[in-house]
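Beneath this line is the structure, given in structure tokens, with notes to follow.
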Amino acid sequence: MGEYLVGSTKERFRTTTAPDGSQWAPNTDTTLDNYTNRFKTSFTKTGRRSKARRERRTNKKPGTGELRQLKTQIYYNVRNGELEVGSPLIYAGTFRCGAKKGQ
């Protein structure tokens, strides 16, 4: 059961689908700007937005950070006869439950 849940969770990252079958909300412009501005190739030498930046924005799936760690670090554990599924990453709870702006 643990292996199945880990696999299905990783598959939901690939398809950007919630457990209930609904699509994840798209990335906000702020998220996309913060993500693309971290790459030197996002801008030309004159400071204009580059083709690489546009491609990064277009291809950025919701729920994937720069290193895509959250979708790869999903684990299960059986403790006291109960199955636990989750991630050790500190922002996993925020991704699942949300947070107030700026937290």
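By convention here, the chains of the structure tokens are called A, B, ... in the order presented, each chain's residues are numbered starting at 1, and ligands are numbered starting at 1 in the order presented.
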Open item on the list: I need the residues of chain A that end up classed as alpha helix (DSSP H) by DSSP on the backbone, written out as a count of residues only.
Closed with: 41
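For range 2-49 of chain A, backbone-based DSSP labels the following residues as strand (DSSP E or B): A:Thr17, A:Gln23, A:Phe43, A:Arg49.
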Written file, previous selection with all heavy atoms, as a CSV table (one decimal), in the first residue's frame:
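Written output follows (part.csv):
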```
chain,number,residue,atom,x,y,z
A,17,THR,N,-2.3,16.8,-11.1
A,17,THR,CA,-3.7,16.4,-10.7
A,17,THR,C,-3.8,16.1,-9.2
A,17,THR,O,-2.9,15.4,-8.7
A,17,THR,CB,-4.1,15.2,-11.5
A,17,THR,OG1,-3.9,15.4,-12.9
A,17,THR,CG2,-5.6,14.9,-11.3
A,23,GLN,N,-7.5,19.5,-11.6
A,23,GLN,CA,-6.2,20.0,-12.0
A,23,GLN,C,-5.7,21.0,-10.9
A,23,GLN,O,-6.5,21.7,-10.3
A,23,GLN,CB,-6.2,20.7,-13.3
A,23,GLN,CG,-6.4,19.8,-14.5
A,23,GLN,CD,-5.2,18.9,-14.7
A,23,GLN,OE1,-5.3,17.9,-15.3
A,23,GLN,NE2,-4.0,19.2,-14.2
A,43,PHE,N,17.4,36.7,-19.7
A,43,PHE,CA,17.4,38.1,-20.2
A,43,PHE,C,18.6,38.2,-21.2
A,43,PHE,O,19.6,37.6,-21.1
A,43,PHE,CB,17.7,39.1,-19.1
A,43,PHE,CG,16.5,39.1,-18.0
A,43,PHE,CD1,16.7,38.3,-16.9
A,43,PHE,CD2,15.4,39.8,-18.2
A,43,PHE,CE1,15.6,38.3,-16.0
A,43,PHE,CE2,14.4,39.8,-17.3
A,43,PHE,CZ,14.5,39.0,-16.2
A,49,ARG,N,13.7,40.5,-22.1
A,49,ARG,CA,13.3,39.1,-21.8
A,49,ARG,C,13.7,38.2,-23.0
A,49,ARG,O,13.4,38.6,-24.1
A,49,ARG,CB,11.9,39.0,-21.5
A,49,ARG,CG,11.5,39.7,-20.2
A,49,ARG,CD,10.0,39.7,-20.0
A,49,ARG,NE,9.8,40.3,-18.7
A,49,ARG,CZ,8.6,40.8,-18.3
A,49,ARG,NH1,7.6,40.7,-19.2
A,49,ARG,NH2,8.4,41.4,-17.2
```
Within 9 Å of Leu5 in chain A, counting only C-alpha atoms, which residues qualify if same-chain residues fewer than 4 places away don't, as a compact mmCIF listing (two decimals) with C-alpha atoms, in the first residue's frame?
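What follows is the written file around-v3.txt:
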```txt
# COMPACT_ATOMS: atom_id res chain seq x y z
CA MET A 1 0.00 0.00 0.00
CA THR A 9 1.63 10.74 -5.55
CA LYS A 10 4.61 11.00 -7.89
CA TYR A 75 8.31 8.31 1.22
CA TYR A 76 6.25 5.99 3.36
CA VAL A 85 3.10 8.93 3.57
```
Shell around range 56-64 of chain A at 6 Å using only C-alpha atoms, local window under 3 positions removed, as a compact mmCIF listing (two decimals) with C-alpha atoms, in the first residue's frame:
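The resulting part.txt:
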```txt
# COMPACT_ATOMS: atom_id res chain seq x y z
CA PRO A 26 -1.70 27.25 -12.51
CA ASN A 27 1.39 29.10 -11.32
CA LEU A 32 6.79 32.41 -12.72
CA ARG A 53 12.73 32.90 -20.32
CA ARG A 68 12.03 19.30 -8.53
```
TODO: Measure the distance from CA of Pro19 in chain A to CA of Tyr35 in chain A in Å and round it to one decimal.
DONE: 25.9 Å
